[in-house]
Every structure is written in structure tokens, then in C-alpha cells.
file input.pdb (PDB, C-alpha atoms, pLDDT in the B column)
ATOM      1  CA  MET A   1      20.619  35.351  27.293  1.00 61.00           C
ATOM      2  CA  LYS A   2      21.703  35.380  23.646  1.00 61.00           C
ATOM      3  CA  ARG A   3      22.608  31.704  23.856  1.00 65.00           C
ATOM      4  CA  ILE A   4      19.167  30.774  25.146  1.00 63.00           C
ATOM      5  CA  ILE A   5      17.443  32.718  22.350  1.00 59.00           C
ATOM      6  CA  LEU A   6      19.777  31.200  19.757  1.00 54.00           C
ATOM      7  CA  LEU A   7      19.179  27.698  21.144  1.00 54.00           C
ATOM      8  CA  ALA A   8      15.390  28.234  21.134  1.00 56.00           C
ATOM      9  CA  ALA A   9      15.486  29.518  17.540  1.00 56.00           C
ATOM     10  CA  LEU A  10      17.620  26.572  16.446  1.00 54.00           C
ATOM     11  CA  LEU A  11      15.275  24.092  18.128  1.00 49.00           C
ATOM     12  CA  THR A  12      12.223  25.722  16.527  1.00 53.00           C
ATOM     13  CA  CYS A  13      13.808  25.607  13.062  1.00 46.00           C
ATOM     14  CA  THR A  14      14.765  21.971  13.527  1.00 47.00           C
ATOM     15  CA  LEU A  15      11.218  21.000  14.526  1.00 44.00           C
ATOM     16  CA  ALA A  16       9.729  22.949  11.629  1.00 44.00           C
ATOM     17  CA  ALA A  17      12.154  21.340   9.168  1.00 43.00           C
ATOM     18  CA  SER A  18      11.280  17.815  10.257  1.00 44.00           C
ATOM     19  CA  ALA A  19       7.572  18.462   9.459  1.00 44.00           C
ATOM     20  CA  GLN A  20       6.270  15.489  11.395  1.00 48.00           C
ATOM     21  CA  TYR A  21       2.696  14.594  10.610  1.00 46.00           C
ATOM     22  CA  MET A  22       0.013  15.449  13.142  1.00 53.00           C
ATOM     23  CA  PRO A  23      -1.818  12.216  14.034  1.00 62.00           C
ATOM     24  CA  GLY A  24      -5.512  12.219  13.257  1.00 63.00           C
ATOM     25  CA  LYS A  25      -5.361  14.869  10.534  1.00 75.00           C
ATOM     26  CA  PRO A  26      -7.547  13.561   7.664  1.00 79.00           C
ATOM     27  CA  ARG A  27      -6.020  13.059   4.226  1.00 81.00           C
ATOM     28  CA  LYS A  28      -7.087  15.274   1.336  1.00 83.00           C
ATOM     29  CA  LYS A  29      -9.139  13.616  -1.410  1.00 86.00           C
ATOM     30  CA  TYR A  30      -9.241  14.046  -5.161  1.00 85.00           C
ATOM     31  CA  MET A  31     -12.450  15.430  -6.689  1.00 88.00           C
ATOM     32  CA  VAL A  32     -12.419  12.468  -9.093  1.00 90.00           C
ATOM     33  CA  ALA A  33     -10.470   9.305  -8.318  1.00 89.00           C
ATOM     34  CA  LYS A  34      -7.052   9.445  -9.982  1.00 90.00           C
ATOM     35  CA  LYS A  35      -5.702   6.480 -11.926  1.00 90.00           C
ATOM     36  CA  ASP A  36      -2.565   5.043 -10.367  1.00 87.00           C
ATOM     37  CA  GLU A  37       0.554   5.371 -12.533  1.00 86.00           C
ATOM     38  CA  GLU A  38       1.902   1.940 -11.592  1.00 87.00           C
ATOM     39  CA  CYS A  39      -1.222  -0.233 -11.475  1.00 90.00           C
ATOM     40  CA  GLN A  40      -4.021  -0.077 -14.026  1.00 92.00           C
ATOM     41  CA  TYR A  41      -6.537  -1.712 -11.666  1.00 94.00           C
ATOM     42  CA  VAL A  42      -6.227   0.876  -8.867  1.00 94.00           C
ATOM     43  CA  LEU A  43      -7.666   4.382  -8.536  1.00 92.00           C
ATOM     44  CA  ASN A  44      -6.401   6.692  -5.775  1.00 91.00           C
ATOM     45  CA  VAL A  45      -9.125   8.510  -3.849  1.00 92.00           C
ATOM     46  CA  THR A  46      -6.867  10.069  -1.192  1.00 89.00           C
ATOM     47  CA  LYS A  47      -3.923  12.289  -2.042  1.00 83.00           C
ATOM     48  CA  ASN A  48      -1.077  10.274  -0.603  1.00 75.00           C
ATOM     49  CA  THR A  49       1.670  10.292  -3.208  1.00 65.00           C
ATOM     50  CA  ASP A  50       2.081  14.030  -3.710  1.00 59.00           C
ATOM     51  CA  GLU A  51       4.834  16.265  -2.345  1.00 68.00           C
ATOM     52  CA  ASP A  52       2.931  17.018   0.861  1.00 63.00           C
ATOM     53  CA  ALA A  53       2.833  13.322   1.715  1.00 66.00           C
ATOM     54  CA  GLU A  54       6.584  13.014   1.152  1.00 66.00           C
ATOM     55  CA  VAL A  55       7.156  15.929   3.512  1.00 74.00           C
ATOM     56  CA  ASP A  56       4.910  14.241   6.088  1.00 77.00           C
ATOM     57  CA  ALA A  57       6.778  10.964   5.488  1.00 80.00           C
ATOM     58  CA  CYS A  58       3.495   9.096   5.348  1.00 85.00           C
ATOM     59  CA  VAL A  59       2.872   7.424   1.974  1.00 87.00           C
ATOM     60  CA  THR A  60       0.885   4.240   1.398  1.00 90.00           C
ATOM     61  CA  ARG A  61       0.412   2.631  -2.024  1.00 90.00           C
ATOM     62  CA  VAL A  62      -1.706  -0.264  -3.238  1.00 93.00           C
ATOM     63  CA  ALA A  63      -1.304  -2.515  -6.285  1.00 94.00           C
ATOM     64  CA  TYR A  64      -3.636  -5.282  -7.425  1.00 95.00           C
ATOM     65  CA  ARG A  65      -2.818  -8.286  -9.618  1.00 95.00           C
ATOM     66  CA  PRO A  66      -5.782 -10.374 -10.789  1.00 94.00           C
ATOM     67  CA  TYR A  67      -5.780 -14.162 -10.973  1.00 94.00           C
ATOM     68  CA  ALA A  68      -5.435 -14.124 -14.774  1.00 93.00           C
ATOM     69  CA  ASP A  69      -2.202 -12.100 -14.600  1.00 94.00           C
ATOM     70  CA  LEU A  70      -0.774 -14.427 -11.946  1.00 94.00           C
ATOM     71  CA  LEU A  71      -1.674 -17.476 -14.060  1.00 94.00           C
ATOM     72  CA  THR A  72      -0.040 -15.943 -17.149  1.00 94.00           C
ATOM     73  CA  GLU A  73       3.097 -15.299 -15.112  1.00 92.00           C
ATOM     74  CA  ILE A  74       3.499 -18.869 -13.870  1.00 92.00           C
ATOM     75  CA  ASP A  75       2.750 -20.226 -17.362  1.00 91.00           C
ATOM     76  CA  ALA A  76       5.571 -18.061 -18.756  1.00 91.00           C
ATOM     77  CA  LEU A  77       7.902 -19.101 -15.923  1.00 88.00           C
ATOM     78  CA  LYS A  78       7.156 -22.758 -16.635  1.00 88.00           C
ATOM     79  CA  LYS A  79       8.290 -22.308 -20.238  1.00 88.00           C
ATOM     80  CA  ILE A  80      11.356 -20.232 -19.356  1.00 89.00           C
ATOM     81  CA  LYS A  81      12.633 -22.378 -16.486  1.00 87.00           C
ATOM     82  CA  ASN A  82      11.509 -25.791 -17.772  1.00 85.00           C
ATOM     83  CA  TRP A  83       9.635 -26.571 -14.564  1.00 82.00           C
ATOM     84  CA  ALA A  84       8.578 -30.100 -13.863  1.00 82.00           C
ATOM     85  CA  ASP A  85       4.830 -30.726 -13.700  1.00 84.00           C
ATOM     86  CA  THR A  86       4.991 -31.070  -9.917  1.00 86.00           C
ATOM     87  CA  THR A  87       6.610 -27.641  -9.555  1.00 86.00           C
ATOM     88  CA  TYR A  88       3.999 -26.100 -11.814  1.00 87.00           C
ATOM     89  CA  GLN A  89       1.134 -27.821  -9.969  1.00 90.00           C
ATOM     90  CA  ARG A  90       2.511 -26.642  -6.615  1.00 90.00           C
ATOM     91  CA  ARG A  91       2.737 -23.031  -7.854  1.00 88.00           C
ATOM     92  CA  PHE A  92      -0.682 -23.313  -9.506  1.00 91.00           C
ATOM     93  CA  SER A  93      -2.328 -24.550  -6.286  1.00 92.00           C
ATOM     94  CA  GLN A  94      -0.811 -21.603  -4.361  1.00 92.00           C
ATOM     95  CA  LEU A  95      -2.441 -18.970  -6.594  1.00 92.00           C
ATOM     96  CA  PRO A  96      -5.065 -16.953  -4.708  1.00 93.00           C
ATOM     97  CA  PRO A  97      -8.396 -17.195  -6.602  1.00 92.00           C
ATOM     98  CA  GLY A  98      -9.143 -13.490  -6.128  1.00 92.00           C
ATOM     99  CA  GLY A  99      -5.697 -12.268  -7.100  1.00 93.00           C
ATOM    100  CA  GLU A 100      -3.311 -10.505  -4.757  1.00 95.00           C
ATOM    101  CA  LEU A 101      -3.107  -7.084  -3.189  1.00 95.00           C
ATOM    102  CA  SER A 102       0.286  -5.475  -2.521  1.00 95.00           C
ATOM    103  CA  VAL A 103       0.432  -2.814   0.185  1.00 94.00           C
ATOM    104  CA  THR A 104       3.569  -0.660   0.319  1.00 92.00           C
ATOM    105  CA  MET A 105       4.164   1.881   3.058  1.00 91.00           C
ATOM    106  CA  TYR A 106       6.847   4.550   3.359  1.00 89.00           C
ATOM    107  CA  ARG A 107       7.431   6.084   6.797  1.00 88.00           C
ATOM    108  CA  ARG A 108      10.114   7.990   8.658  1.00 87.00           C
ATOM    109  CA  GLY A 109      12.004   5.538  10.869  1.00 83.00           C
ATOM    110  CA  SER A 110      12.074   1.744  10.555  1.00 82.00           C
ATOM    111  CA  ALA A 111       9.824   1.180  13.584  1.00 84.00           C
ATOM    112  CA  ASN A 112       7.160   3.454  12.048  1.00 87.00           C
ATOM    113  CA  ALA A 113       7.193   1.350   8.853  1.00 89.00           C
ATOM    114  CA  ASP A 114       5.784  -1.674  10.667  1.00 91.00           C
ATOM    115  CA  PRO A 115       3.005  -3.174   8.483  1.00 93.00           C
ATOM    116  CA  ALA A 116       1.274  -4.515  11.613  1.00 93.00           C
ATOM    117  CA  LEU A 117       0.029  -0.938  12.118  1.00 93.00           C
ATOM    118  CA  LEU A 118      -2.097  -1.225   8.964  1.00 94.00           C
ATOM    119  CA  SER A 119      -5.537  -2.790   8.639  1.00 95.00           C
ATOM    120  CA  VAL A 120      -7.213  -3.464   5.289  1.00 95.00           C
ATOM    121  CA  VAL A 121     -10.969  -3.420   4.660  1.00 96.00           C
ATOM    122  CA  ALA A 122     -12.707  -3.845   1.285  1.00 95.00           C
ATOM    123  CA  LYS A 123     -16.335  -2.901   0.654  1.00 95.00           C
ATOM    124  CA  ASP A 124     -18.562  -3.213  -2.380  1.00 92.00           C
ATOM    125  CA  LYS A 125     -20.664  -0.361  -3.815  1.00 90.00           C
ATOM    126  CA  GLU A 126     -23.519  -1.043  -1.376  1.00 91.00           C
ATOM    127  CA  GLY A 127     -21.113  -0.674   1.565  1.00 90.00           C
ATOM    128  CA  LYS A 128     -21.123  -4.387   2.440  1.00 93.00           C
ATOM    129  CA  GLU A 129     -17.791  -5.516   3.838  1.00 94.00           C
ATOM    130  CA  VAL A 130     -16.307  -8.288   1.679  1.00 94.00           C
ATOM    131  CA  PHE A 131     -12.749  -8.406   3.048  1.00 94.00           C
ATOM    132  CA  ASN A 132     -11.311  -7.517   6.454  1.00 94.00           C
ATOM    133  CA  LEU A 133      -7.725  -7.986   7.589  1.00 93.00           C
ATOM    134  CA  PRO A 134      -7.175  -6.453  11.055  1.00 94.00           C
ATOM    135  CA  ALA A 135      -3.375  -6.280  10.723  1.00 92.00           C
ATOM    136  CA  LEU A 136      -0.712  -7.163   8.198  1.00 92.00           C
ATOM    137  CA  GLU A 137       2.247  -9.372   9.068  1.00 91.00           C
ATOM    138  CA  ALA A 138       4.588  -7.521  11.446  1.00 90.00           C
ATOM    139  CA  GLY A 139       8.110  -6.424  10.590  1.00 87.00           C
ATOM    140  CA  ASN A 140      10.386  -3.414  10.364  1.00 83.00           C
ATOM    141  CA  GLY A 141      10.912  -1.349   7.276  1.00 83.00           C
ATOM    142  CA  ARG A 142      14.101  -1.348   5.259  1.00 86.00           C
ATOM    143  CA  PHE A 143      15.945   1.823   4.333  1.00 87.00           C
ATOM    144  CA  TRP A 144      14.548   3.415   1.169  1.00 83.00           C
ATOM    145  CA  ASN A 145      15.973   6.916   0.717  1.00 80.00           C
ATOM    146  CA  ARG A 146      16.914   9.983   2.735  1.00 75.00           C
ATOM    147  CA  ASP A 147      14.997   9.328   5.929  1.00 78.00           C
ATOM    148  CA  LEU A 148      12.253   7.034   4.619  1.00 86.00           C
ATOM    149  CA  TYR A 149      11.845   3.339   5.323  1.00 90.00           C
ATOM    150  CA  MET A 150       9.718   1.011   3.217  1.00 91.00           C
ATOM    151  CA  SER A 151       7.674  -2.083   4.034  1.00 92.00           C
ATOM    152  CA  LYS A 152       5.786  -4.153   1.491  1.00 94.00           C
ATOM    153  CA  ARG A 153       3.307  -6.946   2.065  1.00 94.00           C
ATOM    154  CA  THR A 154       1.433  -9.044  -0.488  1.00 95.00           C
ATOM    155  CA  ILE A 155      -1.838 -10.575   0.647  1.00 95.00           C
ATOM    156  CA  PRO A 156      -4.364 -12.833  -1.108  1.00 95.00           C
ATOM    157  CA  PHE A 157      -7.438 -10.817  -2.054  1.00 94.00           C
ATOM    158  CA  VAL A 158     -11.115 -11.718  -2.035  1.00 91.00           C
ATOM    159  CA  LYS A 159     -12.692 -13.379  -5.065  1.00 91.00           C
ATOM    160  CA  THR A 160     -15.831 -11.630  -6.310  1.00 89.00           C
ATOM    161  CA  GLU A 161     -18.626 -13.293  -8.281  1.00 88.00           C
ATOM    162  CA  THR A 162     -18.432 -10.715 -11.082  1.00 89.00           C
ATOM    163  CA  PRO A 163     -15.797  -8.108 -11.946  1.00 89.00           C
ATOM    164  CA  GLN A 164     -16.631  -5.001  -9.911  1.00 92.00           C
ATOM    165  CA  ASP A 165     -15.133  -1.977  -8.200  1.00 93.00           C
ATOM    166  CA  LEU A 166     -14.293  -2.456  -4.531  1.00 95.00           C
ATOM    167  CA  ILE A 167     -13.501   0.368  -2.128  1.00 95.00           C
ATOM    168  CA  VAL A 168     -10.346  -0.527  -0.205  1.00 95.00           C
ATOM    169  CA  LEU A 169      -9.676   1.343   3.042  1.00 95.00           C
ATOM    170  CA  ILE A 170      -6.273   1.099   4.691  1.00 95.00           C
ATOM    171  CA  ASN A 171      -6.170   2.425   8.229  1.00 93.00           C
ATOM    172  CA  ASP A 172      -2.874   3.316   9.913  1.00 91.00           C
ATOM    173  CA  ALA A 173      -3.212   2.921  13.684  1.00 91.00           C
ATOM    174  CA  LYS A 174      -0.179   5.072  14.520  1.00 89.00           C
ATOM    175  CA  THR A 175      -0.941   8.130  12.386  1.00 87.00           C
ATOM    176  CA  LYS A 176      -4.721   7.620  12.648  1.00 89.00           C
ATOM    177  CA  GLN A 177      -5.118   8.099   8.899  1.00 89.00           C
ATOM    178  CA  THR A 178      -7.296   6.285   6.397  1.00 91.00           C
ATOM    179  CA  PHE A 179      -6.144   5.797   2.809  1.00 92.00           C
ATOM    180  CA  GLU A 180      -8.906   5.071   0.317  1.00 94.00           C
ATOM    181  CA  TYR A 181      -8.605   3.309  -3.048  1.00 95.00           C
ATOM    182  CA  ILE A 182     -10.909   1.864  -5.675  1.00 95.00           C
ATOM    183  CA  VAL A 183      -9.765  -1.540  -6.934  1.00 95.00           C
ATOM    184  CA  LYS A 184     -11.211  -2.913 -10.171  1.00 93.00           C
ATOM    185  CA  THR A 185     -11.360  -6.645  -9.531  1.00 91.00           C
ATOM    186  CA  GLN A 186     -11.292  -9.072 -12.450  1.00 82.00           C
TER     187      GLN A 186
END

call {"tool": "encode", "arguments": {"input": "input.pdb", "output": "C-alpha cells"}}
result
Amino acid sequence: MKRIILLAALLTCTLAASAQYMPGKPRKKYMVAKKDEECQYVLNVTKNTDEDAEVDACVTRVAYRPYADLLTEIDALKKIKNWADTTYQRRFSQLPPGGELSVTMYRRGSANADPALLSVVAKDKEGKEVFNLPALEAGNGRFWNRDLYMSKRTIPFVKTETPQDLIVLINDAKTKQTFEYIVKTQ
């Protein structure tokens, strides 16, 4: 009898320590959108990089690089690496006109860090959908730390007529969570 109680207590402690996230539980939001520490063009609306999110093992981050920054980068690389004009023209023609959006996800287990579980939608202030990507390119995550795996995808972003704030919603199909960001397009 003591063994059964001890086994049940051990199992309960193990489950409590793993703190798996309950699917469908909505993310908490900031009262005022918080500026991202790593990207000056992104504001976090949902709380997804705090300690609670690390315990849940469900963190998603977004970074945006405008066209002008990408152009400055390839111009500097041309000078540093002495690229031929054909190499420069090839790189120049591959630049996305709206810049690029990098989506990084951290999850527990490599199969859970599959970017194909994420969909990306961008809306303007009026709520009109300007960008919709039903799923990112599939793949498994690579080991990051402790028990977290990381996947990162870079996608070309939509070009807007004028610089404006777009609301970017990233939906995770497995955890049934929505991460919300404000991206200041250039």
C-alpha cells in the first residue's frame, strides 16, 4: 500500500514539474504594447517571452527587417567580399520588396517545434487582411537548451504603400494559441 501511495505521489510531482501547457488557454496581453528588445520595428502585444512562457515551453518571437536594411546589408557585403556585378544583381533581385519577417519558435520536443504548425496573418488598422500564410515550411526543431527546441523561418513580407503599423497574428495549431504583434513597416 505504501508503494502505491509513494508511486502516485512521485507521478503527481513529475507531472506538476513538467508544467505542460494546456491547449486552448489564451495568452495574457500587455496593457500597452511592449517594445521588443531585439527588433526595433516590433511591439509585443501578448506576453510570450516572460518566465511563465518558458515554464510552459511555448515561446514565439518575431523580427522584421525592412527593404532598406536588407539593401544596406548587400551593399556592404559587396564592398567587403568584392562581389562581381552578376553576384550583386542576383542578390539584389532576390530582395523581397516588403522586407522579411523572421518567426522563431521555442517548444518542448523537436516534433513540437515544427514551423508547419504556425500560420501568419497580417492586418492593417482597419482590420483588412493584407498578408496570409497558412503554414510555414515544415521541419523539426534543433536542440536549444535544457528541454527546448528551436525552429526559425524567414519569409518575405508584404509591401505596403506607405509606412504603417500592421497587426501580425501567429496561430499555433497544436497549442491553439494566438501570438499578437505590431510590426512597423517601412

call {"tool": "closest_residue", "arguments": {"input": "input.pdb", "among": "A:Thr87, A:Thr178, A:Ser93, A:Ser151", "to": "Val120 (chain A)", "atoms": "all atoms listed in the file"}}
result
A:Thr178

call {"tool": "closest_residue", "arguments": {"input": "input.pdb", "among": "A:Asn145, A:Thr160, A:Gln89, A:Ser119", "to": "Phe179 (chain A)", "atoms": "all atoms listed in the file"}}
result
A:Ser119

call {"tool": "resolve_selection", "arguments": {"input": "input.pdb", "expression": "the PyMOL selection byres ((chain A and resi 116) around 7)", "output": "list in words"}}
result
Asp114, Pro115, Leu117, Leu118, Ala135, Leu136, Glu137 and Ala138 of chain A

call {"tool": "write_last_selection", "arguments": {"input": "input.pdb", "atoms": "C-alpha atoms", "output": "CSV table (one decimal), keeping the file's coordinate frame"}}
result
chain,number,residue,atom,x,y,z
A,114,ASP,CA,5.8,-1.7,10.7
A,115,PRO,CA,3.0,-3.2,8.5
A,117,LEU,CA,0.0,-0.9,12.1
A,118,LEU,CA,-2.1,-1.2,9.0
A,135,ALA,CA,-3.4,-6.3,10.7
A,136,LEU,CA,-0.7,-7.2,8.2
A,137,GLU,CA,2.2,-9.4,9.1
A,138,ALA,CA,4.6,-7.5,11.4

call {"tool": "resolve_selection", "arguments": {"input": "input.pdb", "expression": "the PyMOL selection byres ((chain A and resi 109) around 7)", "output": "list in words"}}
result
Arg107, Arg108, Ser110, Ala111, Asn112, Ala113, Asp147, Leu148 and Tyr149 of chain A

call {"tool": "resolve_selection", "arguments": {"input": "input.pdb", "expression": "the PyMOL selection byres ((chain A and resi 183) around 6)", "output": "PyMOL selection string"}}
result
chain A and resi 41-42+165-166+182+184-185

call {"tool": "closest_residue", "arguments": {"input": "input.pdb", "among": "A:Tyr181, A:Gly127, A:Lys152, A:Val45", "to": "Gly139 (chain A)", "atoms": "all atoms listed in the file"}}
result
A:Lys152

call {"tool": "residues_near_point", "arguments": {"input": "input.pdb", "point": "(-3.4, -12.0, -11.1)", "cutoff": "9 Å", "atoms": "all atoms listed in the file", "output": "ChimeraX atom specification"}}
result
/A:64-73,95-100,186

call {"tool": "atom_distance", "arguments": {"input": "input.pdb", "atom1": "CA of Asn140 (chain A)", "atom2": "CA of Thr175 (chain A)"}}
result
16.3 Å

call {"tool": "atom_distance", "arguments": {"input": "input.pdb", "atom1": "CA of Val103 (chain A)", "atom2": "CA of Tyr88 (chain A)"}}
result
26.4 Å

call {"tool": "atom_distance", "arguments": {"input": "input.pdb", "atom1": "CA of Thr104 (chain A)", "atom2": "CA of Ile74 (chain A)"}}
result
23.1 Å

call {"tool": "closest_residue", "arguments": {"input": "input.pdb", "among": "A:Glu37, A:Glu180, A:Asp85, A:Glu129", "to": "Thr60 (chain A)", "atoms": "all atoms listed in the file"}}
result
A:Glu180

call {"tool": "closest_residue", "arguments": {"input": "input.pdb", "among": "A:Arg146, A:Arg61, A:Lys159, A:Lys28", "to": "Ser102 (chain A)", "atoms": "only C-alpha atoms"}}
result
A:Arg61

call {"tool": "residues_around", "arguments": {"input": "input.pdb", "residues": "Val130 (chain A)", "least_positions_apart": "5", "cutoff": "10 Å", "atoms": "all atoms listed in the file", "output": "PyMOL selection string"}}
result
chain A and resi 121-124+157-160+166-168

call {"tool": "residues_around", "arguments": {"input": "input.pdb", "residues": "Glu38 (chain A)", "least_positions_apart": "2", "cutoff": "8 Å", "atoms": "all atoms listed in the file", "output": "number ranges by chain"}}
result
A: 36, 40, 63

call {"tool": "build_atoms", "arguments": {"input": "input.pdb", "residues": "region 58-68 of chain A", "atoms": "all heavy atoms", "output": "PDB file, in the frame of the given file"}}
result
ATOM      1  N   CYS A  58       4.593  10.020   5.118  1.00 85.00           N
ATOM      2  CA  CYS A  58       3.495   9.096   5.348  1.00 85.00           C
ATOM      3  C   CYS A  58       2.842   8.790   3.997  1.00 85.00           C
ATOM      4  O   CYS A  58       1.879   9.452   3.603  1.00 85.00           O
ATOM      5  CB  CYS A  58       2.495   9.713   6.322  1.00 85.00           C
ATOM      6  SG  CYS A  58       1.248   8.555   6.849  1.00 85.00           S
ATOM      7  N   VAL A  59       3.372   7.802   3.287  1.00 87.00           N
ATOM      8  CA  VAL A  59       2.872   7.424   1.974  1.00 87.00           C
ATOM      9  C   VAL A  59       2.496   5.948   2.019  1.00 87.00           C
ATOM     10  O   VAL A  59       3.258   5.130   2.531  1.00 87.00           O
ATOM     11  CB  VAL A  59       3.930   7.670   0.873  1.00 87.00           C
ATOM     12  CG1 VAL A  59       3.420   7.235  -0.477  1.00 87.00           C
ATOM     13  CG2 VAL A  59       4.346   9.120   0.858  1.00 87.00           C
ATOM     14  N   THR A  60       1.326   5.628   1.491  1.00 90.00           N
ATOM     15  CA  THR A  60       0.885   4.240   1.398  1.00 90.00           C
ATOM     16  C   THR A  60       0.372   4.013  -0.016  1.00 90.00           C
ATOM     17  O   THR A  60      -0.412   4.809  -0.514  1.00 90.00           O
ATOM     18  CB  THR A  60      -0.225   3.946   2.425  1.00 90.00           C
ATOM     19  OG1 THR A  60       0.256   4.264   3.725  1.00 90.00           O
ATOM     20  CG2 THR A  60      -0.626   2.488   2.387  1.00 90.00           C
ATOM     21  N   ARG A  61       0.813   2.936  -0.649  1.00 90.00           N
ATOM     22  CA  ARG A  61       0.412   2.631  -2.024  1.00 90.00           C
ATOM     23  C   ARG A  61      -0.172   1.225  -2.078  1.00 90.00           C
ATOM     24  O   ARG A  61       0.209   0.349  -1.311  1.00 90.00           O
ATOM     25  CB  ARG A  61       1.604   2.730  -2.961  1.00 90.00           C
ATOM     26  CG  ARG A  61       2.219   4.117  -2.987  1.00 90.00           C
ATOM     27  CD  ARG A  61       3.231   4.287  -4.070  1.00 90.00           C
ATOM     28  NE  ARG A  61       2.762   3.930  -5.368  1.00 90.00           N
ATOM     29  CZ  ARG A  61       2.139   4.768  -6.223  1.00 90.00           C
ATOM     30  NH1 ARG A  61       1.934   5.985  -5.864  1.00 90.00           N
ATOM     31  NH2 ARG A  61       1.760   4.355  -7.407  1.00 90.00           N
ATOM     32  N   VAL A  62      -1.068   1.031  -3.045  1.00 93.00           N
ATOM     33  CA  VAL A  62      -1.706  -0.264  -3.238  1.00 93.00           C
ATOM     34  C   VAL A  62      -1.566  -0.674  -4.703  1.00 93.00           C
ATOM     35  O   VAL A  62      -1.685   0.163  -5.594  1.00 93.00           O
ATOM     36  CB  VAL A  62      -3.206  -0.195  -2.858  1.00 93.00           C
ATOM     37  CG1 VAL A  62      -3.956  -1.410  -3.327  1.00 93.00           C
ATOM     38  CG2 VAL A  62      -3.366  -0.056  -1.365  1.00 93.00           C
ATOM     39  N   ALA A  63      -1.321  -1.947  -4.932  1.00 94.00           N
ATOM     40  CA  ALA A  63      -1.304  -2.515  -6.285  1.00 94.00           C
ATOM     41  C   ALA A  63      -2.110  -3.810  -6.250  1.00 94.00           C
ATOM     42  O   ALA A  63      -2.092  -4.538  -5.253  1.00 94.00           O
ATOM     43  CB  ALA A  63       0.113  -2.770  -6.754  1.00 94.00           C
ATOM     44  N   TYR A  64      -2.803  -4.083  -7.333  1.00 95.00           N
ATOM     45  CA  TYR A  64      -3.636  -5.282  -7.425  1.00 95.00           C
ATOM     46  C   TYR A  64      -3.232  -6.075  -8.664  1.00 95.00           C
ATOM     47  O   TYR A  64      -3.013  -5.510  -9.734  1.00 95.00           O
ATOM     48  CB  TYR A  64      -5.117  -4.888  -7.522  1.00 95.00           C
ATOM     49  CG  TYR A  64      -6.043  -6.036  -7.829  1.00 95.00           C
ATOM     50  CD1 TYR A  64      -6.304  -7.016  -6.880  1.00 95.00           C
ATOM     51  CD2 TYR A  64      -6.651  -6.147  -9.072  1.00 95.00           C
ATOM     52  CE1 TYR A  64      -7.150  -8.075  -7.167  1.00 95.00           C
ATOM     53  CE2 TYR A  64      -7.503  -7.194  -9.369  1.00 95.00           C
ATOM     54  CZ  TYR A  64      -7.753  -8.158  -8.409  1.00 95.00           C
ATOM     55  OH  TYR A  64      -8.582  -9.209  -8.694  1.00 95.00           O
ATOM     56  N   ARG A  65      -3.091  -7.390  -8.489  1.00 95.00           N
ATOM     57  CA  ARG A  65      -2.818  -8.286  -9.618  1.00 95.00           C
ATOM     58  C   ARG A  65      -3.908  -9.348  -9.644  1.00 95.00           C
ATOM     59  O   ARG A  65      -4.031 -10.135  -8.713  1.00 95.00           O
ATOM     60  CB  ARG A  65      -1.453  -8.935  -9.465  1.00 95.00           C
ATOM     61  CG  ARG A  65      -0.325  -7.916  -9.573  1.00 95.00           C
ATOM     62  CD  ARG A  65       1.026  -8.532  -9.469  1.00 95.00           C
ATOM     63  NE  ARG A  65       1.247  -9.469 -10.559  1.00 95.00           N
ATOM     64  CZ  ARG A  65       2.135 -10.455 -10.508  1.00 95.00           C
ATOM     65  NH1 ARG A  65       2.881 -10.610  -9.434  1.00 95.00           N
ATOM     66  NH2 ARG A  65       2.295 -11.268 -11.526  1.00 95.00           N
ATOM     67  N   PRO A  66      -4.706  -9.380 -10.710  1.00 94.00           N
ATOM     68  CA  PRO A  66      -5.782 -10.374 -10.789  1.00 94.00           C
ATOM     69  C   PRO A  66      -5.243 -11.786 -11.029  1.00 94.00           C
ATOM     70  O   PRO A  66      -4.087 -11.978 -11.417  1.00 94.00           O
ATOM     71  CB  PRO A  66      -6.634  -9.891 -11.969  1.00 94.00           C
ATOM     72  CG  PRO A  66      -5.766  -8.986 -12.750  1.00 94.00           C
ATOM     73  CD  PRO A  66      -4.723  -8.453 -11.833  1.00 94.00           C
ATOM     74  N   TYR A  67      -6.114 -12.746 -10.816  1.00 94.00           N
ATOM     75  CA  TYR A  67      -5.780 -14.162 -10.973  1.00 94.00           C
ATOM     76  C   TYR A  67      -5.246 -14.453 -12.373  1.00 94.00           C
ATOM     77  O   TYR A  67      -4.269 -15.196 -12.527  1.00 94.00           O
ATOM     78  CB  TYR A  67      -7.019 -15.009 -10.667  1.00 94.00           C
ATOM     79  CG  TYR A  67      -6.808 -16.483 -10.847  1.00 94.00           C
ATOM     80  CD1 TYR A  67      -6.194 -17.229  -9.843  1.00 94.00           C
ATOM     81  CD2 TYR A  67      -7.221 -17.143 -11.996  1.00 94.00           C
ATOM     82  CE1 TYR A  67      -5.996 -18.597  -9.993  1.00 94.00           C
ATOM     83  CE2 TYR A  67      -7.034 -18.501 -12.161  1.00 94.00           C
ATOM     84  CZ  TYR A  67      -6.423 -19.222 -11.160  1.00 94.00           C
ATOM     85  OH  TYR A  67      -6.219 -20.565 -11.307  1.00 94.00           O
ATOM     86  N   ALA A  68      -5.853 -13.868 -13.392  1.00 93.00           N
ATOM     87  CA  ALA A  68      -5.435 -14.124 -14.774  1.00 93.00           C
ATOM     88  C   ALA A  68      -3.985 -13.691 -15.007  1.00 93.00           C
ATOM     89  O   ALA A  68      -3.222 -14.393 -15.683  1.00 93.00           O
ATOM     90  CB  ALA A  68      -6.360 -13.408 -15.751  1.00 93.00           C
TER      91      ALA A  68
END
